>>> print(open('query-v3.cif').read())   # mmCIF, C-alpha atoms
data_target
loop_
_atom_site.label_atom_id
_atom_site.label_comp_id
_atom_site.auth_asym_id
_atom_site.auth_seq_id
_atom_site.Cartn_x
_atom_site.Cartn_y
_atom_site.Cartn_z
CA MET A 1309 -88.60 168.07 4.39
CA PRO A 1310 -90.80 165.64 6.37
CA GLU A 1311 -94.41 166.62 6.82
CA LEU A 1312 -95.34 168.48 9.99
CA THR A 1313 -98.23 167.18 12.04
CA ILE A 1314 -99.85 168.99 14.93
CA ARG A 1315 -101.62 167.19 17.76
CA SER A 1316 -102.65 167.72 21.40
CA ALA A 1317 -99.83 167.38 23.91
CA THR A 1318 -99.90 164.52 26.43
CA PRO A 1319 -97.94 163.93 29.66
CA SER A 1320 -95.60 161.68 27.67
CA ASP A 1321 -94.46 164.79 25.77
CA HIS A 1322 -93.13 166.54 28.88
CA ALA A 1323 -89.46 165.62 28.30
CA ALA A 1324 -89.61 166.76 24.67
CA LEU A 1325 -91.39 169.98 25.67
CA TRP A 1326 -88.81 170.80 28.31
CA ALA A 1327 -86.05 170.29 25.72
CA ILE A 1328 -87.79 172.97 23.62
CA MET A 1329 -88.70 175.29 26.49
CA GLU A 1330 -85.44 175.26 28.41
CA PRO A 1331 -83.25 177.05 25.82
CA VAL A 1332 -86.03 179.54 25.03
CA ILE A 1333 -86.47 180.34 28.72
CA ARG A 1334 -82.71 180.47 29.46
CA GLU A 1335 -82.24 182.94 26.58
CA GLY A 1336 -84.52 185.48 28.33
CA ALA A 1337 -85.30 187.23 25.07
CA SER A 1338 -88.91 186.46 24.23
CA TYR A 1339 -91.09 185.15 27.08
CA PRO A 1340 -92.02 186.87 30.35
CA LEU A 1341 -90.54 184.02 32.35
CA ASP A 1342 -87.66 183.97 34.81
CA PRO A 1343 -84.62 182.74 32.81
CA GLY A 1344 -83.82 180.46 35.77
CA LEU A 1345 -87.24 178.79 35.80
CA ASP A 1346 -87.02 175.04 36.37
CA ARG A 1347 -88.73 172.23 34.50
CA ALA A 1348 -91.66 171.93 36.91
CA GLY A 1349 -92.30 175.68 36.83
CA ALA A 1350 -92.06 175.82 33.05
CA LEU A 1351 -94.46 172.92 32.53
CA ALA A 1352 -96.87 174.38 35.11
CA TYR A 1353 -96.89 177.65 33.12
CA TRP A 1354 -97.32 175.93 29.77
CA PHE A 1355 -100.04 173.56 31.01
CA ALA A 1356 -101.98 176.11 33.10
CA ALA A 1357 -105.65 175.22 33.52
CA ASP A 1358 -106.90 177.70 30.91
CA LYS A 1359 -104.56 176.47 28.16
CA GLN A 1360 -104.88 173.91 25.40
CA VAL A 1361 -101.40 172.64 24.50
CA PHE A 1362 -100.31 171.26 21.13
CA VAL A 1363 -97.09 169.83 19.73
CA THR A 1364 -95.70 169.81 16.21
CA GLU A 1365 -93.97 166.67 15.05
CA ALA A 1366 -91.95 165.61 12.04
CA ASP A 1367 -90.84 161.97 11.72
CA GLY A 1368 -92.02 161.34 15.27
CA GLN A 1369 -89.81 164.11 16.71
CA VAL A 1370 -91.46 166.95 18.64
CA LEU A 1371 -90.01 170.15 17.17
CA GLY A 1372 -92.38 172.80 18.49
CA THR A 1373 -95.24 173.49 20.86
CA TYR A 1374 -97.93 176.06 21.31
CA TYR A 1375 -100.72 176.89 23.70
CA LEU A 1376 -104.10 178.43 22.94
CA LYS A 1377 -106.33 180.10 25.52
CA PRO A 1378 -108.83 182.90 26.01
CA ASN A 1379 -106.89 186.15 26.42
CA SER A 1380 -109.36 187.34 29.03
CA THR A 1381 -112.53 186.28 30.79
CA GLY A 1382 -116.29 186.92 30.68
CA LEU A 1383 -117.18 189.77 28.33
CA ALA A 1384 -113.75 189.65 26.71
CA ASP A 1385 -113.39 185.89 26.30
CA HIS A 1386 -113.99 186.05 22.55
CA VAL A 1387 -110.36 187.12 21.99
CA ALA A 1388 -107.80 184.33 21.98
CA ASN A 1389 -104.17 184.32 23.02
CA ALA A 1390 -101.42 181.90 22.06
CA GLY A 1391 -97.73 181.30 22.65
CA TYR A 1392 -95.35 179.32 20.42
CA MET A 1393 -91.92 177.79 20.96
CA THR A 1394 -89.73 176.06 18.41
CA HIS A 1395 -86.70 173.93 19.25
CA PRO A 1396 -83.60 176.08 18.57
CA GLU A 1397 -82.19 173.44 16.18
CA SER A 1398 -85.39 173.46 14.14
CA ARG A 1399 -85.74 177.20 13.56
CA GLY A 1400 -86.11 178.43 9.98
CA ARG A 1401 -88.18 175.42 8.93
CA GLY A 1402 -91.58 177.09 9.05
CA ILE A 1403 -92.60 175.45 12.29
CA ALA A 1404 -93.73 178.63 14.06
CA ARG A 1405 -95.64 179.64 10.96
CA ALA A 1406 -97.39 176.26 10.77
CA MET A 1407 -98.28 176.42 14.46
CA ALA A 1408 -99.59 179.99 14.16
CA LEU A 1409 -101.82 179.14 11.22
CA ASP A 1410 -103.07 176.05 13.05
CA SER A 1411 -103.83 178.14 16.13
CA PHE A 1412 -105.76 180.75 14.13
CA GLU A 1413 -107.87 178.06 12.47
CA ARG A 1414 -108.47 176.21 15.72
CA ALA A 1415 -109.34 179.41 17.60
CA LYS A 1416 -111.79 180.48 14.91
CA ALA A 1417 -113.41 177.02 14.91
CA GLN A 1418 -113.85 177.36 18.68
CA GLY A 1419 -115.67 180.66 18.26
CA PHE A 1420 -112.90 183.13 19.02
CA ARG A 1421 -113.18 186.29 16.92
CA ALA A 1422 -109.63 187.57 17.19
CA MET A 1423 -106.10 186.68 18.30
CA GLN A 1424 -104.13 188.96 20.60
CA PHE A 1425 -100.46 188.78 21.58
CA ASN A 1426 -99.89 190.88 24.69
CA LEU A 1427 -96.13 191.09 24.90
CA VAL A 1428 -94.16 190.67 21.69
CA VAL A 1429 -90.64 191.76 22.58
CA ALA A 1430 -89.80 194.60 20.20
CA THR A 1431 -86.25 193.35 19.66
CA ASN A 1432 -87.51 189.91 18.61
CA GLU A 1433 -87.48 190.84 14.92
CA VAL A 1434 -87.91 187.35 13.52
CA ALA A 1435 -91.14 186.87 15.47
CA LEU A 1436 -92.36 190.38 14.76
CA LYS A 1437 -91.89 189.96 11.00
CA LEU A 1438 -93.59 186.58 11.01
CA TRP A 1439 -96.61 187.83 12.95
CA GLN A 1440 -96.95 190.78 10.58
CA LYS A 1441 -96.77 188.45 7.57
CA LEU A 1442 -99.53 186.40 9.16
CA GLY A 1443 -101.83 189.40 9.47
CA LEU A 1444 -101.22 190.57 13.00
CA GLN A 1445 -100.97 194.31 13.41
CA VAL A 1446 -99.09 196.23 16.06
CA VAL A 1447 -101.90 197.97 17.96
CA GLY A 1448 -99.86 199.15 20.92
CA ARG A 1449 -96.35 199.74 22.23
CA LEU A 1450 -95.52 199.24 25.94
CA PRO A 1451 -92.47 201.30 26.89
CA GLU A 1452 -89.72 199.21 28.53
CA ALA A 1453 -92.22 196.53 29.52
CA PHE A 1454 -89.71 193.68 29.08
CA ARG A 1455 -86.38 193.13 30.87
CA HIS A 1456 -84.36 191.46 28.14
CA LYS A 1457 -81.68 189.24 29.67
CA THR A 1458 -78.83 190.84 27.71
CA GLN A 1459 -80.32 194.12 26.41
CA GLY A 1460 -82.06 195.34 29.56
CA TYR A 1461 -85.36 197.19 29.41
CA VAL A 1462 -86.89 197.03 25.93
CA ASP A 1463 -90.33 197.85 24.59
CA ALA A 1464 -93.01 195.24 24.04
CA LEU A 1465 -95.73 195.28 21.41
CA VAL A 1466 -99.40 194.39 21.56
CA MET A 1467 -100.46 192.65 18.34
CA PHE A 1468 -103.96 191.83 17.16
CA ARG A 1469 -105.66 190.05 14.28
CA VAL A 1470 -109.29 189.42 13.47
CA LEU A 1471 -109.83 185.70 12.72
CA MET B 491 -117.04 215.20 53.19
CA PRO B 492 -115.62 212.59 55.61
CA GLU B 493 -111.99 211.63 55.13
CA LEU B 494 -111.26 208.58 53.01
CA THR B 495 -108.99 205.92 54.42
CA ILE B 496 -107.54 203.02 52.48
CA ARG B 497 -106.55 199.72 54.11
CA SER B 498 -106.02 196.06 53.20
CA ALA B 499 -109.20 194.04 52.76
CA THR B 500 -110.02 191.23 55.17
CA PRO B 501 -112.50 188.34 54.98
CA SER B 502 -114.89 190.42 57.12
CA ASP B 503 -115.16 192.85 54.17
CA HIS B 504 -116.63 190.25 51.81
CA ALA B 505 -120.26 191.36 52.23
CA ALA B 506 -119.37 195.01 51.67
CA LEU B 507 -117.22 194.11 48.66
CA TRP B 508 -120.00 192.07 47.08
CA ALA B 509 -122.37 195.02 47.54
CA ILE B 510 -119.89 197.09 45.49
CA MET B 511 -119.03 194.41 42.94
CA GLU B 512 -122.50 193.08 42.20
CA PRO B 513 -123.92 196.20 40.49
CA VAL B 514 -120.68 196.81 38.59
CA ILE B 515 -120.66 193.22 37.33
CA ARG B 516 -124.40 193.16 36.52
CA GLU B 517 -124.02 196.35 34.46
CA GLY B 518 -121.62 194.55 32.08
CA ALA B 519 -120.06 197.81 30.96
CA SER B 520 -116.55 197.91 32.40
CA TYR B 521 -115.10 194.59 33.57
CA PRO B 522 -114.38 191.44 31.56
CA LEU B 523 -116.61 189.40 33.84
CA ASP B 524 -119.81 187.49 33.09
CA PRO B 525 -122.67 189.82 34.12
CA GLY B 526 -124.29 186.81 35.78
CA LEU B 527 -121.26 185.98 37.93
CA ASP B 528 -122.24 184.99 41.48
CA ARG B 529 -120.77 186.21 44.76
CA ALA B 530 -118.34 183.30 45.15
CA GLY B 531 -117.07 183.72 41.59
CA ALA B 532 -116.69 187.48 41.98
CA LEU B 533 -114.78 187.21 45.26
CA ALA B 534 -112.58 184.45 43.81
CA TYR B 535 -111.69 186.78 40.92
CA TRP B 536 -111.04 189.77 43.17
CA PHE B 537 -109.00 187.80 45.70
CA ALA B 538 -107.01 185.72 43.20
CA ALA B 539 -103.66 184.56 44.58
CA ASP B 540 -101.59 187.18 42.72
CA LYS B 541 -103.67 190.13 43.96
CA GLN B 542 -103.38 192.47 46.93
CA VAL B 543 -106.84 193.82 47.77
CA PHE B 544 -107.64 197.15 49.44
CA VAL B 545 -110.80 198.92 50.55
CA THR B 546 -111.63 202.60 50.85
CA GLU B 547 -113.68 203.66 53.84
CA ALA B 548 -115.35 206.83 55.00
CA ASP B 549 -117.02 206.89 58.42
CA GLY B 550 -116.53 203.14 58.71
CA GLN B 551 -118.41 202.45 55.47
CA VAL B 552 -116.63 200.61 52.67
CA LEU B 553 -117.24 202.68 49.51
CA GLY B 554 -114.68 201.29 47.10
CA THR B 555 -112.14 198.57 46.52
CA TYR B 556 -109.13 197.95 44.34
CA TYR B 557 -106.64 195.23 43.63
CA LEU B 558 -102.98 195.56 42.74
CA LYS B 559 -100.91 192.84 41.08
CA PRO B 560 -98.06 192.26 38.66
CA ASN B 561 -99.43 192.58 35.13
CA SER B 562 -97.24 189.74 33.96
CA THR B 563 -94.60 187.33 35.21
CA GLY B 564 -90.82 186.86 35.18
CA LEU B 565 -89.09 189.34 32.88
CA ALA B 566 -92.20 191.52 32.71
CA ASP B 567 -93.16 191.53 36.38
CA HIS B 568 -91.97 195.13 36.87
CA VAL B 569 -95.21 196.43 35.36
CA ALA B 570 -98.20 196.54 37.69
CA ASN B 571 -101.90 196.18 37.00
CA ALA B 572 -104.85 197.30 39.08
CA GLY B 573 -108.63 197.30 39.02
CA TYR B 574 -110.94 199.67 40.90
CA MET B 575 -114.62 199.55 41.79
CA THR B 576 -116.69 202.23 43.52
CA HIS B 577 -120.12 201.66 45.03
CA PRO B 578 -122.66 203.12 42.55
CA GLU B 579 -124.13 205.39 45.26
CA SER B 580 -120.69 206.83 46.03
CA ARG B 581 -119.62 207.79 42.54
CA GLY B 582 -118.49 211.36 41.89
CA ARG B 583 -116.83 211.69 45.30
CA GLY B 584 -113.26 211.18 44.16
CA ILE B 585 -113.05 207.63 45.44
CA ALA B 586 -111.68 206.09 42.25
CA ARG B 587 -109.17 208.92 42.02
CA ALA B 588 -108.01 208.38 45.61
CA MET B 589 -107.69 204.64 45.05
CA ALA B 590 -105.76 205.11 41.81
CA LEU B 591 -103.28 207.52 43.41
CA ASP B 592 -102.89 205.13 46.35
CA SER B 593 -102.25 202.23 43.97
CA PHE B 594 -99.60 204.16 42.01
CA GLU B 595 -97.77 205.11 45.20
CA ARG B 596 -98.00 201.60 46.63
CA ALA B 597 -96.90 199.99 43.35
CA LYS B 598 -93.92 202.31 43.09
CA ALA B 599 -92.94 201.62 46.70
CA GLN B 600 -93.03 197.89 45.90
CA GLY B 601 -90.61 198.38 43.01
CA PHE B 602 -93.00 198.40 40.08
CA ARG B 603 -91.84 200.79 37.33
CA ALA B 604 -95.12 201.28 35.50
CA MET B 605 -98.87 200.72 35.67
CA GLN B 606 -100.74 199.09 32.80
CA PHE B 607 -104.49 198.76 32.27
CA ASN B 608 -105.16 196.06 29.68
CA LEU B 609 -108.82 196.54 28.87
CA VAL B 610 -110.32 199.98 29.45
CA VAL B 611 -113.70 199.86 27.72
CA ALA B 612 -113.64 202.67 25.15
CA THR B 613 -117.24 203.67 25.90
CA ASN B 614 -116.46 204.07 29.61
CA GLU B 615 -115.75 207.78 29.24
CA VAL B 616 -115.73 208.67 32.92
CA ALA B 617 -112.98 206.15 33.61
CA LEU B 618 -111.06 207.03 30.48
CA LYS B 619 -111.02 210.74 31.34
CA LEU B 620 -109.97 210.04 34.90
CA TRP B 621 -107.10 207.76 33.87
CA GLN B 622 -105.88 210.35 31.38
CA LYS B 623 -106.01 213.06 34.06
CA LEU B 624 -103.92 210.78 36.27
CA GLY B 625 -101.21 210.44 33.64
CA LEU B 626 -102.15 207.22 31.89
CA GLN B 627 -101.78 207.30 28.13
CA VAL B 628 -103.67 205.27 25.60
CA VAL B 629 -100.93 203.13 24.04
CA GLY B 630 -103.17 200.73 22.14
CA ARG B 631 -106.68 200.14 20.84
CA LEU B 632 -108.14 196.61 20.67
CA PRO B 633 -110.90 196.44 18.05
CA GLU B 634 -114.18 195.06 19.43
CA ALA B 635 -112.37 193.35 22.28
CA PHE B 636 -115.25 193.89 24.74
CA ARG B 637 -118.86 192.65 24.50
CA HIS B 638 -120.70 195.48 26.22
CA LYS B 639 -123.93 194.17 27.76
CA THR B 640 -126.12 196.78 26.05
CA GLN B 641 -123.89 198.19 23.27
CA GLY B 642 -122.48 194.96 21.88
CA TYR B 643 -118.90 194.73 20.60
CA VAL B 644 -116.94 197.86 21.49
CA ASP B 645 -113.22 198.67 21.41
CA ALA B 646 -111.00 198.43 24.46
CA LEU B 647 -107.93 200.53 25.22
CA VAL B 648 -104.55 199.63 26.63
CA MET B 649 -103.34 202.38 28.96
CA PHE B 650 -99.89 202.83 30.46
CA ARG B 651 -98.10 205.12 32.88
CA VAL B 652 -94.56 205.21 34.18
CA LEU B 653 -94.55 205.39 37.99
#
>>> encode(input="query-v3.cif", output="structure tokens")
Amino acid sequence: MPELTIRSATPSDHAALWAIMEPVIREGASYPLDPGLDRAGALAYWFAADKQVFVTEADGQVLGTYYLKPNSTGLADHVANAGYMTHPESRGRGIARAMALDSFERAKAQGFRAMQFNLVVATNEVALKLWQKLGLQVVGRLPEAFRHKTQGYVDALVMFRVL
Amino acid sequence: MPELTIRSATPSDHAALWAIMEPVIREGASYPLDPGLDRAGALAYWFAADKQVFVTEADGQVLGTYYLKPNSTGLADHVANAGYMTHPESRGRGIARAMALDSFERAKAQGFRAMQFNLVVATNEVALKLWQKLGLQVVGRLPEAFRHKTQGYVDALVMFRVL
């Protein structure tokens, strides 16, 4: 398997990022985004002012992306938050895992003391298992906090890990 | 005690709102805001684009304020979030309670299904007791997620209530 490299995203990555984001958004199973969101709306969300955005490449192909940001402000800005998306055709290759580990390291180097995920969809078992393997603990359960596109109202989990 | 009324905030309330917000922010005990935040920064936070802002009056005096907003976006925008501040000299008069009940009713009327507080400082016992009395449950505990101005790192609670 070709080596994965992770670097900051640039405007020239937008087409590759939309190719990753569109199927994830359309699926309506993991992110609190309107499944009908268009390219401009998706990129505006991903590149919001408080986010650092990275891409994962192998052989010059962008296969995944993540953002890193403070989860809150002021007296709670020492806790980080991140979101990860992998191209559907590249799942199962350890890309999300590589991005998560990179985000933990980068967050810690920037002075963050912990990583918090606010809305892990409880039915998203692949993600849930991966986050648990990577040391995140379920610290809260939000009843019916997510409207899954095909399953309707499902619970969401708050996950947390000291860095 | 004079009757409390609750109405939408207007730009002419800014001075009264800052008089409420400044001591709460300077105390650094309850909101994830820099205790040194200035008036412009505080009002920008309170009147962010996704927030509806209300004030509580008695005898024409503004004694409290709250905001109401979606806690998240897209497939999670059916859960509301709110924040409340009472003027320090008006505490103990049921103002926070009145604002909270008003916010629940208003959120429900707007179609929200639940109310979530993301960061209730665990040492803020007065607030915690009030929210529990009003039907919010602690659904999660975030270890050391808040840097209390005098107590240092303290836990924060995620609280949730179906509307």
>>> residues_around(input="query-v3.cif", residues="Glu1365 of chain A", least_positions_apart="3", cutoff="9 Å", atoms="all atoms listed in the file", output="mmCIF file with C-alpha atoms, keeping the file's coordinate frame")
data_model
loop_
_atom_site.group_PDB
_atom_site.id
_atom_site.type_symbol
_atom_site.label_atom_id
_atom_site.label_comp_id
_atom_site.auth_asym_id
_atom_site.auth_seq_id
_atom_site.Cartn_x
_atom_site.Cartn_y
_atom_site.Cartn_z
ATOM 1 C CA GLU A 1311 -94.410 166.620 6.820
ATOM 2 C CA LEU A 1312 -95.340 168.480 9.990
ATOM 3 C CA THR A 1313 -98.230 167.180 12.040
ATOM 4 C CA ILE A 1314 -99.850 168.990 14.930
ATOM 5 C CA ARG A 1315 -101.620 167.190 17.760
ATOM 6 C CA GLY A 1368 -92.020 161.340 15.270
ATOM 7 C CA GLN A 1369 -89.810 164.110 16.710
ATOM 8 C CA VAL A 1370 -91.460 166.950 18.640
ATOM 9 C CA LEU A 1371 -90.010 170.150 17.170
ATOM 10 C CA GLY A 1372 -92.380 172.800 18.490
#
>>> atom_distance(input="query-v3.cif", atom1="atom CA of Asp540 of chain B", atom2="atom CA of Ala572 of chain B")
11.2 Å
>>> resolve_selection(input="query-v3.cif", expression="the PyMOL selection byres ((chain A and resi 1363) around 12)", output="ChimeraX atom specification")
/A:1312-1322,1324-1326,1328,1354,1360-1362,1364-1366,1368-1376,1391-1395,1403-1404,1406-1408,1410-1411
>>> interface_residues(input="query-v3.cif", of="chain A", to="chain B", cutoff="8 Å", atoms="all atoms listed in the file", output="MDAnalysis selection string")
chainID A and resid 1336 1339:1343 1380:1387 1447:1450 1453:1456 1466 1468
>>> calpha_fit_and_write(input="query-v3.cif", fixed="chain A", moving="chain B", output="compact mmCIF listing (two decimals) with C-alpha atoms, keeping the file's coordinate frame")
# COMPACT_ATOMS: atom_id res chain seq x y z
CA MET B 491 -88.58 168.09 4.37
CA PRO B 492 -90.79 165.66 6.35
CA GLU B 493 -94.41 166.65 6.80
CA LEU B 494 -95.33 168.49 9.98
CA THR B 495 -98.22 167.19 12.03
CA ILE B 496 -99.84 169.00 14.93
CA ARG B 497 -101.63 167.19 17.76
CA SER B 498 -102.65 167.73 21.39
CA ALA B 499 -99.84 167.37 23.92
CA THR B 500 -99.90 164.54 26.44
CA PRO B 501 -97.97 163.95 29.67
CA SER B 502 -95.60 161.68 27.69
CA ASP B 503 -94.47 164.81 25.78
CA HIS B 504 -93.13 166.55 28.89
CA ALA B 505 -89.47 165.64 28.30
CA ALA B 506 -89.61 166.77 24.68
CA LEU B 507 -91.40 169.98 25.67
CA TRP B 508 -88.81 170.80 28.32
CA ALA B 509 -86.06 170.29 25.73
CA ILE B 510 -87.80 172.97 23.63
CA MET B 511 -88.71 175.29 26.49
CA GLU B 512 -85.46 175.25 28.43
CA PRO B 513 -83.27 177.05 25.84
CA VAL B 514 -86.03 179.54 25.03
CA ILE B 515 -86.48 180.35 28.72
CA ARG B 516 -82.73 180.48 29.47
CA GLU B 517 -82.23 182.94 26.59
CA GLY B 518 -84.51 185.47 28.33
CA ALA B 519 -85.29 187.23 25.07
CA SER B 520 -88.91 186.44 24.23
CA TYR B 521 -91.07 185.16 27.08
CA PRO B 522 -92.02 186.88 30.34
CA LEU B 523 -90.55 184.02 32.34
CA ASP B 524 -87.66 183.96 34.81
CA PRO B 525 -84.63 182.73 32.82
CA GLY B 526 -83.83 180.47 35.76
CA LEU B 527 -87.25 178.80 35.80
CA ASP B 528 -87.01 175.04 36.40
CA ARG B 529 -88.73 172.24 34.50
CA ALA B 530 -91.66 171.94 36.92
CA GLY B 531 -92.28 175.69 36.83
CA ALA B 532 -92.05 175.82 33.04
CA LEU B 533 -94.46 172.91 32.54
CA ALA B 534 -96.86 174.39 35.11
CA TYR B 535 -96.88 177.65 33.12
CA TRP B 536 -97.33 175.91 29.77
CA PHE B 537 -100.05 173.56 31.02
CA ALA B 538 -101.96 176.11 33.11
CA ALA B 539 -105.64 175.21 33.53
CA ASP B 540 -106.91 177.70 30.92
CA LYS B 541 -104.56 176.47 28.18
CA GLN B 542 -104.89 173.90 25.41
CA VAL B 543 -101.41 172.63 24.50
CA PHE B 544 -100.31 171.26 21.12
CA VAL B 545 -97.09 169.83 19.71
CA THR B 546 -95.69 169.83 16.20
CA GLU B 547 -93.97 166.67 15.04
CA ALA B 548 -91.97 165.62 12.03
CA ASP B 549 -90.85 161.99 11.72
CA GLY B 550 -92.03 161.35 15.27
CA GLN B 551 -89.83 164.11 16.71
CA VAL B 552 -91.45 166.94 18.64
CA LEU B 553 -90.01 170.16 17.17
CA GLY B 554 -92.38 172.80 18.49
CA THR B 555 -95.24 173.49 20.85
CA TYR B 556 -97.94 176.07 21.31
CA TYR B 557 -100.73 176.88 23.69
CA LEU B 558 -104.09 178.43 22.94
CA LYS B 559 -106.33 180.09 25.53
CA PRO B 560 -108.83 182.89 26.01
CA ASN B 561 -106.91 186.14 26.42
CA SER B 562 -109.35 187.33 29.04
CA THR B 563 -112.53 186.28 30.81
CA GLY B 564 -116.29 186.91 30.69
CA LEU B 565 -117.19 189.76 28.34
CA ALA B 566 -113.75 189.64 26.71
CA ASP B 567 -113.38 185.89 26.31
CA HIS B 568 -113.98 186.04 22.54
CA VAL B 569 -110.37 187.10 21.98
CA ALA B 570 -107.80 184.32 21.99
CA ASN B 571 -104.16 184.30 23.01
CA ALA B 572 -101.41 181.89 22.06
CA GLY B 573 -97.73 181.29 22.65
CA TYR B 574 -95.35 179.32 20.41
CA MET B 575 -91.93 177.80 20.96
CA THR B 576 -89.71 176.06 18.40
CA HIS B 577 -86.71 173.92 19.26
CA PRO B 578 -83.60 176.07 18.59
CA GLU B 579 -82.19 173.44 16.20
CA SER B 580 -85.40 173.46 14.15
CA ARG B 581 -85.74 177.17 13.56
CA GLY B 582 -86.12 178.42 9.99
CA ARG B 583 -88.20 175.42 8.92
CA GLY B 584 -91.58 177.10 9.04
CA ILE B 585 -92.60 175.46 12.29
CA ALA B 586 -93.72 178.64 14.05
CA ARG B 587 -95.63 179.64 10.93
CA ALA B 588 -97.40 176.27 10.76
CA MET B 589 -98.28 176.43 14.45
CA ALA B 590 -99.58 179.99 14.17
CA LEU B 591 -101.82 179.14 11.20
CA ASP B 592 -103.06 176.05 13.05
CA SER B 593 -103.83 178.15 16.13
CA PHE B 594 -105.77 180.75 14.13
CA GLU B 595 -107.87 178.07 12.45
CA ARG B 596 -108.48 176.21 15.71
CA ALA B 597 -109.33 179.42 17.60
CA LYS B 598 -111.78 180.47 14.91
CA ALA B 599 -113.41 177.03 14.91
CA GLN B 600 -113.85 177.36 18.69
CA GLY B 601 -115.68 180.66 18.26
CA PHE B 602 -112.90 183.11 19.03
CA ARG B 603 -113.19 186.29 16.92
CA ALA B 604 -109.63 187.56 17.21
CA MET B 605 -106.11 186.67 18.30
CA GLN B 606 -104.14 188.96 20.60
CA PHE B 607 -100.47 188.78 21.57
CA ASN B 608 -99.89 190.87 24.69
CA LEU B 609 -96.12 191.08 24.90
CA VAL B 610 -94.15 190.66 21.68
CA VAL B 611 -90.62 191.75 22.57
CA ALA B 612 -89.80 194.60 20.19
CA THR B 613 -86.23 193.36 19.65
CA ASN B 614 -87.49 189.92 18.60
CA GLU B 615 -87.48 190.84 14.92
CA VAL B 616 -87.90 187.35 13.51
CA ALA B 617 -91.12 186.86 15.45
CA LEU B 618 -92.36 190.36 14.75
CA LYS B 619 -91.88 189.97 11.00
CA LEU B 620 -93.57 186.59 11.00
CA TRP B 621 -96.60 187.83 12.94
CA GLN B 622 -96.95 190.78 10.59
CA LYS B 623 -96.76 188.46 7.57
CA LEU B 624 -99.53 186.39 9.15
CA GLY B 625 -101.83 189.40 9.46
CA LEU B 626 -101.21 190.56 13.00
CA GLN B 627 -100.98 194.31 13.42
CA VAL B 628 -99.11 196.21 16.06
CA VAL B 629 -101.91 197.96 17.96
CA GLY B 630 -99.86 199.15 20.92
CA ARG B 631 -96.35 199.73 22.23
CA LEU B 632 -95.52 199.23 25.92
CA PRO B 633 -92.47 201.28 26.89
CA GLU B 634 -89.73 199.20 28.54
CA ALA B 635 -92.22 196.53 29.52
CA PHE B 636 -89.70 193.68 29.07
CA ARG B 637 -86.37 193.14 30.87
CA HIS B 638 -84.35 191.47 28.14
CA LYS B 639 -81.67 189.25 29.69
CA THR B 640 -78.82 190.84 27.72
CA GLN B 641 -80.32 194.12 26.41
CA GLY B 642 -82.05 195.34 29.55
CA TYR B 643 -85.37 197.19 29.41
CA VAL B 644 -86.87 197.03 25.93
CA ASP B 645 -90.33 197.86 24.58
CA ALA B 646 -93.00 195.24 24.03
CA LEU B 647 -95.74 195.28 21.40
CA VAL B 648 -99.40 194.39 21.55
CA MET B 649 -100.45 192.65 18.34
CA PHE B 650 -103.95 191.84 17.16
CA ARG B 651 -105.66 190.05 14.29
CA VAL B 652 -109.29 189.41 13.47
CA LEU B 653 -109.85 185.71 12.74
